[in-house]
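Colleague: So here's structure_29.cif (mmCIF, C-alpha atoms and all ligand atoms).
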```cif
data_input
loop_
_atom_site.label_atom_id
_atom_site.label_comp_id
_atom_site.auth_asym_id
_atom_site.auth_seq_id
_atom_site.Cartn_x
_atom_site.Cartn_y
_atom_site.Cartn_z
CA MET A 1 49.28 174.51 -77.52
CA ALA A 2 49.29 175.70 -73.89
CA ARG A 3 51.38 172.67 -72.94
CA LEU A 4 53.98 173.36 -75.65
CA LEU A 5 54.21 177.03 -74.63
CA MET A 6 54.65 176.09 -70.98
CA ARG A 7 57.42 173.59 -71.76
CA TRP A 8 59.32 176.18 -73.77
CA LEU A 9 58.94 178.89 -71.14
CA ASP A 10 59.52 176.61 -68.16
CA PRO A 11 63.06 177.77 -67.14
CA ALA A 12 61.89 181.41 -67.07
CA PHE A 13 58.34 181.16 -65.73
CA GLY A 14 57.19 177.63 -64.86
CA HIS A 15 60.08 176.47 -62.69
CA PRO A 16 62.34 179.55 -62.74
CA ARG A 17 66.03 178.70 -62.57
CA GLY A 18 69.38 180.24 -63.46
CA VAL A 19 69.71 183.43 -65.49
CA LEU A 20 66.45 182.82 -67.38
CA GLY A 21 64.67 182.43 -64.07
CA ARG A 22 65.92 185.79 -62.86
CA VAL A 23 64.90 187.47 -66.12
CA GLY A 24 61.51 185.75 -65.89
CA GLY A 25 61.08 186.98 -62.31
CA ALA A 26 61.68 190.60 -63.38
CA MET A 27 59.18 190.20 -66.25
CA MET A 28 56.53 188.64 -63.98
CA LEU A 29 56.86 191.52 -61.55
CA ARG A 30 55.69 193.95 -64.24
CA GLY A 31 53.51 191.73 -66.40
CA ASN A 32 51.48 190.08 -63.64
CA ALA A 33 51.18 193.01 -61.22
CA GLU A 34 47.57 193.73 -62.14
CA GLN A 35 46.57 190.12 -61.40
CA GLU A 36 48.45 190.10 -58.09
CA HIS A 37 46.67 193.29 -56.97
CA ARG A 38 43.28 191.98 -58.07
CA ALA A 39 43.72 188.61 -56.35
CA VAL A 40 44.52 190.32 -53.05
CA GLU A 41 41.50 192.62 -53.49
CA GLN A 42 39.24 189.64 -54.24
CA ALA A 43 40.53 187.88 -51.12
CA VAL A 44 39.11 190.75 -48.98
CA LEU A 45 41.83 190.24 -46.38
CA ARG A 46 41.39 191.54 -42.85
CA PRO A 47 43.97 192.42 -40.20
CA GLY A 48 44.87 189.35 -38.16
CA GLU A 49 44.17 186.78 -40.89
CA HIS A 50 46.55 183.98 -41.84
CA VAL A 51 47.25 183.77 -45.55
CA LEU A 52 48.98 181.20 -47.73
CA VAL A 53 50.39 182.47 -51.04
CA LEU A 54 51.19 179.66 -53.48
CA GLY A 55 53.87 180.01 -56.16
CA HIS A 56 54.52 183.64 -55.22
CA GLY A 57 57.34 184.11 -57.77
CA PRO A 58 59.09 187.48 -57.24
CA GLY A 59 56.81 188.23 -54.28
CA LEU A 60 54.54 191.17 -55.10
CA GLY A 61 51.44 189.29 -53.89
CA LEU A 62 53.18 188.38 -50.64
CA ALA A 63 53.96 192.05 -49.92
CA LEU A 64 50.39 193.13 -50.76
CA ALA A 65 48.83 190.40 -48.62
CA ALA A 66 51.13 191.25 -45.71
CA ALA A 67 50.12 194.91 -45.83
CA ALA A 68 46.44 193.87 -45.74
CA VAL A 69 46.64 191.52 -42.71
CA ASP A 70 48.98 193.68 -40.64
CA PRO A 71 48.68 194.14 -37.67
CA GLY A 72 48.28 190.71 -36.16
CA GLY A 73 48.19 188.63 -39.32
CA HIS A 74 50.68 186.33 -40.97
CA VAL A 75 51.52 185.43 -44.56
CA VAL A 76 53.39 182.31 -45.58
CA GLY A 77 54.65 181.99 -49.14
CA VAL A 78 55.64 178.66 -50.67
CA ASP A 79 57.45 178.28 -53.96
CA PRO A 80 59.64 175.42 -55.22
CA SER A 81 62.01 177.83 -57.03
CA GLU A 82 65.01 178.97 -55.02
CA PRO A 83 65.65 182.11 -57.15
CA MET A 84 61.99 183.14 -56.70
CA ARG A 85 62.21 182.62 -52.94
CA ARG A 86 65.32 184.81 -52.91
CA MET A 87 63.63 187.59 -54.93
CA ALA A 88 60.52 187.43 -52.73
CA ALA A 89 62.57 187.48 -49.52
CA ALA A 90 64.42 190.60 -50.72
CA ARG A 91 61.11 192.31 -51.60
CA CYS A 92 59.56 191.46 -48.22
CA ALA A 93 62.71 191.91 -46.09
CA ASP A 94 61.06 194.32 -43.63
CA GLN A 95 57.95 192.18 -43.21
CA ILE A 96 60.07 189.06 -42.74
CA ALA A 97 62.15 190.85 -40.08
CA ARG A 98 58.92 191.78 -38.24
CA GLY A 99 57.63 188.20 -38.43
CA VAL A 100 54.65 189.07 -40.66
CA VAL A 101 55.93 187.15 -43.71
CA GLU A 102 57.62 183.77 -44.00
CA VAL A 103 58.99 182.36 -47.27
CA ARG A 104 59.77 178.69 -47.57
CA PRO A 105 60.16 175.86 -50.10
CA GLY A 106 56.90 174.14 -50.95
CA ARG A 107 54.27 173.66 -53.58
CA ALA A 108 50.50 173.55 -53.79
CA GLU A 109 50.50 169.78 -53.34
CA ASN A 110 52.63 169.96 -50.19
CA THR A 111 52.57 173.33 -48.43
CA GLY A 112 54.02 172.22 -45.09
CA CYS A 113 51.18 174.09 -43.29
CA SER A 114 49.29 172.55 -40.38
CA GLY A 115 45.73 171.37 -40.92
CA ALA A 116 43.01 174.05 -40.58
CA SER A 117 45.59 176.80 -39.93
CA ILE A 118 44.93 179.17 -42.88
CA ASP A 119 42.10 181.68 -43.48
CA VAL A 120 42.81 182.47 -47.13
CA ALA A 121 44.88 180.82 -49.88
CA ILE A 122 45.90 182.79 -52.99
CA SER A 123 47.31 181.43 -56.24
CA VAL A 124 48.35 183.66 -59.15
CA ASN A 125 49.48 182.00 -62.37
CA ASN A 126 50.57 178.63 -61.05
CA ILE A 127 47.47 176.42 -61.00
CA MET A 128 48.49 175.13 -64.46
CA LEU A 129 51.64 173.70 -62.83
CA TRP A 130 49.90 171.74 -60.07
CA ASP A 131 48.86 168.17 -59.80
CA ARG A 132 45.39 169.66 -59.39
CA GLU A 133 43.78 166.85 -57.43
CA ALA A 134 46.63 166.82 -54.90
CA GLY A 135 46.77 170.64 -54.82
CA PHE A 136 43.05 171.20 -54.17
CA ASN A 137 43.03 168.43 -51.56
CA GLU A 138 46.01 170.04 -49.80
CA LEU A 139 44.23 173.42 -49.72
CA ALA A 140 41.07 171.81 -48.36
CA ARG A 141 43.27 170.32 -45.61
CA VAL A 142 45.13 173.50 -44.57
CA LEU A 143 42.21 175.98 -44.80
CA ARG A 144 39.99 176.51 -41.78
CA ARG A 145 36.24 175.93 -42.02
CA GLY A 146 34.87 178.88 -43.99
CA GLY A 147 38.36 179.51 -45.41
CA ARG A 148 38.59 181.19 -48.82
CA LEU A 149 40.48 180.36 -51.99
CA VAL A 150 41.32 182.87 -54.73
CA ALA A 151 43.05 181.57 -57.85
CA THR A 152 43.70 183.39 -61.11
CA VAL A 153 45.55 182.32 -64.24
CA HIS A 154 46.17 183.55 -67.79
CA ARG A 155 43.77 181.65 -70.10
CA HIS A 156 46.53 181.03 -72.67
CA VAL A 157 48.61 178.91 -70.27
CA LEU A 158 45.67 176.88 -68.91
CA ASP A 159 45.38 173.61 -70.84
CA ILE A 160 41.99 172.66 -69.40
CA SER A 161 38.56 174.28 -69.51
CA PRO A 162 37.62 176.71 -66.72
CA ASP A 163 34.73 174.33 -65.92
CA GLN A 164 37.28 171.63 -65.12
CA LEU A 165 38.75 173.91 -62.42
CA ARG A 166 35.28 174.27 -60.90
CA ASP A 167 34.85 170.48 -60.87
CA ASP A 168 38.29 169.95 -59.30
CA ALA A 169 37.51 172.47 -56.53
CA ARG A 170 34.08 170.91 -55.87
CA HIS A 171 35.58 167.44 -55.76
CA ALA A 172 38.00 168.54 -53.01
CA GLY A 173 35.09 169.86 -50.90
CA PHE A 174 34.96 173.55 -51.83
CA THR A 175 31.58 175.29 -52.12
CA ASP A 176 30.33 178.71 -53.27
CA ILE A 177 32.53 178.29 -56.33
CA THR A 178 32.55 180.92 -59.05
CA VAL A 179 34.74 180.68 -62.14
CA THR A 180 34.82 183.64 -64.50
CA SER A 181 36.85 184.62 -67.55
CA ARG A 182 37.76 188.30 -67.37
CA PRO A 183 38.63 189.78 -70.77
CA ARG A 184 41.75 191.95 -70.89
CA ARG A 185 42.93 194.41 -73.52
CA PHE A 186 46.44 193.28 -74.38
CA THR A 187 46.48 189.58 -73.53
CA SER A 188 44.21 186.58 -73.12
CA SER A 189 41.47 186.65 -70.51
CA ALA A 190 42.21 185.92 -66.87
CA VAL A 191 40.40 182.86 -65.50
CA GLU A 192 39.42 183.61 -61.89
CA LEU A 193 38.21 181.07 -59.36
CA LEU A 194 36.73 182.06 -55.99
CA ALA A 195 35.68 179.33 -53.57
CA SER A 196 35.36 178.60 -49.88
CA LEU A 197 35.12 175.68 -47.51
CA PRO A 198 31.79 175.09 -45.77
CA ASN A 199 31.47 176.53 -42.24
C1 LIG A 201 54.45 181.92 -63.77
S1 LIG A 201 55.15 182.00 -62.16
C2 LIG A 201 53.96 183.04 -61.31
C3 LIG A 201 54.55 183.86 -60.22
C4 LIG A 201 53.67 184.99 -59.68
N1 LIG A 201 52.59 184.49 -58.86
C5 LIG A 201 53.16 185.83 -60.82
O1 LIG A 201 52.00 185.66 -61.25
O2 LIG A 201 53.93 186.66 -61.30
C6 LIG A 201 54.82 180.39 -61.49
C7 LIG A 201 55.40 180.20 -60.11
O3 LIG A 201 54.85 178.99 -59.56
C8 LIG A 201 55.88 178.23 -58.97
N2 LIG A 201 55.47 176.81 -59.01
C9 LIG A 201 55.88 175.82 -59.85
N3 LIG A 201 55.25 174.67 -59.55
C10 LIG A 201 54.42 174.93 -58.49
C11 LIG A 201 53.51 174.14 -57.71
N4 LIG A 201 53.31 172.84 -57.96
N5 LIG A 201 52.86 174.75 -56.69
C12 LIG A 201 53.03 176.07 -56.43
N6 LIG A 201 53.88 176.86 -57.13
C13 LIG A 201 54.56 176.31 -58.14
C14 LIG A 201 57.12 178.56 -59.79
O4 LIG A 201 58.31 178.29 -59.09
C15 LIG A 201 56.91 180.04 -60.10
O5 LIG A 201 57.47 180.88 -59.12
#
```
Will you turn the file into structure tokens for me?
Modeller:
Amino acid sequence: MARLLMRWLDPAFGHPRGVLGRVGGAMMLRGNAEQEHRAVEQAVLRPGEHVLVLGHGPGLGLALAAAAVDPGGHVVGVDPSEPMRRMAAARCADQIARGVVEVRPGRAENTGCSGASIDVAISVNNIMLWDREAGFNELARVLRRGGRLVATVHRHVLDISPDQLRDDARHAGFTDITVTSRPRRFTSSAVELLASLPN
């Protein structure tokens, strides 16, 4: 069911492209704002930290993360969708001009970041699109020792059990893993994964 839904919605939300992609971007900005805010809160970002935002879409999470790590911090956003990178770059124009935010092509499986260069990685509503083994391994590579991972996703688009996410994270070397399903009023629950690398 989740797989069928994702295939149908792919041009608007999964791999946003063309007119549908731009409409999808505007819808995500409103519909996923609560999750973007919560993920940044759960990341407990501090000024000076280096953050990687995966699949940022229209860029709200990038802007929130940048505000939290400024001054002295840096946020890099990677997304394979060119229209989403354009929307995010427009949203974060000031922070890009000041060198706090960088937006570039990439995906969870291949972020282009140097090894052990990132304090916190954040993923909102894209883990269902990853090759999960490659994605978790890439995050274990780019995060510093003690680095944190925050991932959240709508339950209705996740075609695996939340426990499988925990196993995937553990397999890549993450520890202190918690996976919870947070009920919401008007849509399916949000599956939230918090994890870190050992010190
Ligand atoms: C449903 S949107 C979510 C966007 C935003 N984070 C939100 O919740 O509103 C999924 C985003 O993930 C991106 N994406 C697709 N495949 C990806 C991958 N393998 N790794 C990271 N991001 C990916 C898409 O281009 C799209 O911008």
Colleague: List as a list in words the protein and nucleic acid residues lying within 6 Å of ligand LIG 201 (chain A), with all atoms listed in the file counted.
Modeller: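 Listing the residues within 6 Å of ligand LIG 201 (chain A) gives Phe13, Gly14, His15, Pro16, Met28, Leu29, Asn32, Leu54, Gly55, His56, Gly57, Asp79, Pro80, Ser81, Met84, Arg107, Ala108, Val124, Asn125, Asn126, Leu129 and Trp130 of chain A.
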Colleague: In Å, with one decimal, what is the gap from atom CA of A:Leu197 to atom CA of A:Ala172?
Modeller: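 It comes out at 9.5 Å.
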Colleague: Quote the spacing between atom CA of A:Arg3 and atom CA of A:His156 in Å to one decimal place.
Modeller: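 Atom-to-atom, atom CA of A:Arg3 to atom CA of A:His156, that is 9.7 Å.
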Colleague: Closest to A:Asn199 among A:Val23, A:Val153, A:Leu143, A:Leu60, using only C-alpha atoms?
Modeller: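 Distance minimum relative to A:Asn199 lands on A:Leu143.
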Colleague: Enumerate, in order of chain and increasing residue number, the residues of stretch 100-197 of chain A with an atom no farther than 8 Å from stretch 36-47 of chain A, each with its shortest atom pair and distance in Å to one decimal, counting all atoms listed in the file, as JSON lines.
Modeller:
```
{"residue": "A:Val120", "atom": "CA", "partner": "A:Ala43", "partner_atom": "CA", "distance": 7.1}
{"residue": "A:Ile122", "atom": "CA", "partner": "A:Ala39", "partner_atom": "CA", "distance": 7.1}
{"residue": "A:Val124", "atom": "CA", "partner": "A:Glu36", "partner_atom": "CA", "distance": 6.5}
{"residue": "A:Arg148", "atom": "CA", "partner": "A:Ala43", "partner_atom": "CA", "distance": 7.3}
{"residue": "A:Leu149", "atom": "CA", "partner": "A:Ala43", "partner_atom": "CA", "distance": 7.6}
{"residue": "A:Val150", "atom": "CA", "partner": "A:Ala43", "partner_atom": "CA", "distance": 6.2}
{"residue": "A:Ala151", "atom": "CA", "partner": "A:Ala39", "partner_atom": "CA", "distance": 7.2}
{"residue": "A:Thr152", "atom": "CA", "partner": "A:Ala39", "partner_atom": "CA", "distance": 7.1}
```
Colleague: What would the list of residues within 9 Å of (50.9, 179.5, -45.7) (file frame) look like as a list in words, if only C-alpha atoms are what count?
Modeller: His50, Val51, Leu52, Val53, Leu54, His74, Val75, Val76, Gly77, Val78, Glu102, Val103, Thr111, Gly112, Cys113, Ser114, Ser117, Ile118, Val120, Ala121 and Val142 of chain A
Colleague: If you count all atoms listed in the file, which residues fall within 8 Å of A:Gln95, apart from same-chain ones fewer than 4 positions away, as JSON, numbers by chain?
Modeller: {"A": [63, 66, 99, 100, 101]}
Colleague: Here is a test: counting only C-alpha atoms, which residue of A:Leu62, A:Gln164, A:Phe136, A:Leu194 is nearest to A:Thr178?
Modeller: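 Of A:Leu62, A:Gln164, A:Phe136, A:Leu194, the one nearest A:Thr178, counting only C-alpha atoms, is A:Leu194.
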Colleague: Could you tell me which of A:Val157, A:Val191, A:Ala169, A:Ala26 comes closest to A:Leu5 if we count all atoms listed in the file?
Modeller: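 Nearest candidate to A:Leu5 out of A:Val157, A:Val191, A:Ala169, A:Ala26: A:Val157.
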Colleague: Quick one: residues within 12 Å of A:Leu4, all atoms listed in the file, excluding same-chain residues fewer than 2 positions away - as a PyMOL selection string?
Modeller: chain A and resi 1-2+6-10+156-159
Colleague: Work out how far atom CA of A:Thr180 is from atom CA of A:Glu192, in Å to one decimal.
Modeller: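 So the answer is 5.3 Å.
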Colleague: If I wrap all listed atoms of stretch 16-25 of chain A in a box with edges along x, y and z and add 4 Å on each side, what are its centre and edge lengths in Å to one decimal, as AutoDock Vina command-line options?
Modeller:
```
--center_x 65.4 --center_y 183.1 --center_z -64.8 --size_x 16.6 --size_y 16.8 --size_z 13.1
```
Colleague: Can you pull out the residues contacting A:Arg17? Cut-off 7 Å, using only C-alpha atoms, and skip same-chain residues under 3 positions away; I want them as a PyMOL selection string.
Modeller: chain A and resi 11-12+20-21+81+83
Colleague: Any chance you could build stretch 51-63 of chain A out to N, CA and C atoms and write it as a PDB file, keeping the file's coordinate frame?
Modeller:
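Done, and the output landed in part_9.pdb:
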```pdb
ATOM      1  N   VAL A  51      47.364 183.918 -44.095  1.00  0.00           N
ATOM      2  CA  VAL A  51      47.250 183.770 -45.550  1.00  0.00           C
ATOM      3  C   VAL A  51      48.357 182.867 -46.067  1.00  0.00           C
ATOM      4  N   LEU A  52      48.010 182.033 -47.029  1.00  0.00           N
ATOM      5  CA  LEU A  52      48.980 181.200 -47.730  1.00  0.00           C
ATOM      6  C   LEU A  52      49.034 181.668 -49.178  1.00  0.00           C
ATOM      7  N   VAL A  53      50.224 182.064 -49.642  1.00  0.00           N
ATOM      8  CA  VAL A  53      50.390 182.470 -51.040  1.00  0.00           C
ATOM      9  C   VAL A  53      51.193 181.384 -51.746  1.00  0.00           C
ATOM     10  N   LEU A  54      50.564 180.786 -52.754  1.00  0.00           N
ATOM     11  CA  LEU A  54      51.190 179.660 -53.480  1.00  0.00           C
ATOM     12  C   LEU A  54      51.953 180.197 -54.683  1.00  0.00           C
ATOM     13  N   GLY A  55      53.127 179.642 -54.950  1.00  0.00           N
ATOM     14  CA  GLY A  55      53.870 180.010 -56.160  1.00  0.00           C
ATOM     15  C   GLY A  55      53.991 181.513 -56.317  1.00  0.00           C
ATOM     16  N   HIS A  56      54.504 182.174 -55.270  1.00  0.00           N
ATOM     17  CA  HIS A  56      54.520 183.640 -55.220  1.00  0.00           C
ATOM     18  C   HIS A  56      55.456 184.278 -56.234  1.00  0.00           C
ATOM     19  N   GLY A  57      56.399 183.503 -56.826  1.00  0.00           N
ATOM     20  CA  GLY A  57      57.340 184.110 -57.770  1.00  0.00           C
ATOM     21  C   GLY A  57      58.115 185.234 -57.097  1.00  0.00           C
ATOM     22  N   PRO A  58      58.249 186.405 -57.788  1.00  0.00           N
ATOM     23  CA  PRO A  58      59.090 187.480 -57.240  1.00  0.00           C
ATOM     24  C   PRO A  58      58.504 188.159 -55.991  1.00  0.00           C
ATOM     25  N   GLY A  59      57.267 187.870 -55.625  1.00  0.00           N
ATOM     26  CA  GLY A  59      56.810 188.230 -54.280  1.00  0.00           C
ATOM     27  C   GLY A  59      55.911 189.434 -54.134  1.00  0.00           C
ATOM     28  N   LEU A  60      55.414 190.009 -55.236  1.00  0.00           N
ATOM     29  CA  LEU A  60      54.540 191.170 -55.100  1.00  0.00           C
ATOM     30  C   LEU A  60      53.283 190.825 -54.287  1.00  0.00           C
ATOM     31  N   GLY A  61      52.668 189.688 -54.594  1.00  0.00           N
ATOM     32  CA  GLY A  61      51.440 189.290 -53.890  1.00  0.00           C
ATOM     33  C   GLY A  61      51.675 189.079 -52.401  1.00  0.00           C
ATOM     34  N   LEU A  62      52.849 188.575 -52.060  1.00  0.00           N
ATOM     35  CA  LEU A  62      53.180 188.380 -50.640  1.00  0.00           C
ATOM     36  C   LEU A  62      53.182 189.731 -49.921  1.00  0.00           C
ATOM     37  N   ALA A  63      53.851 190.722 -50.546  1.00  0.00           N
ATOM     38  CA  ALA A  63      53.960 192.050 -49.920  1.00  0.00           C
ATOM     39  C   ALA A  63      52.575 192.684 -49.784  1.00  0.00           C
TER      40      ALA A  63
END
```
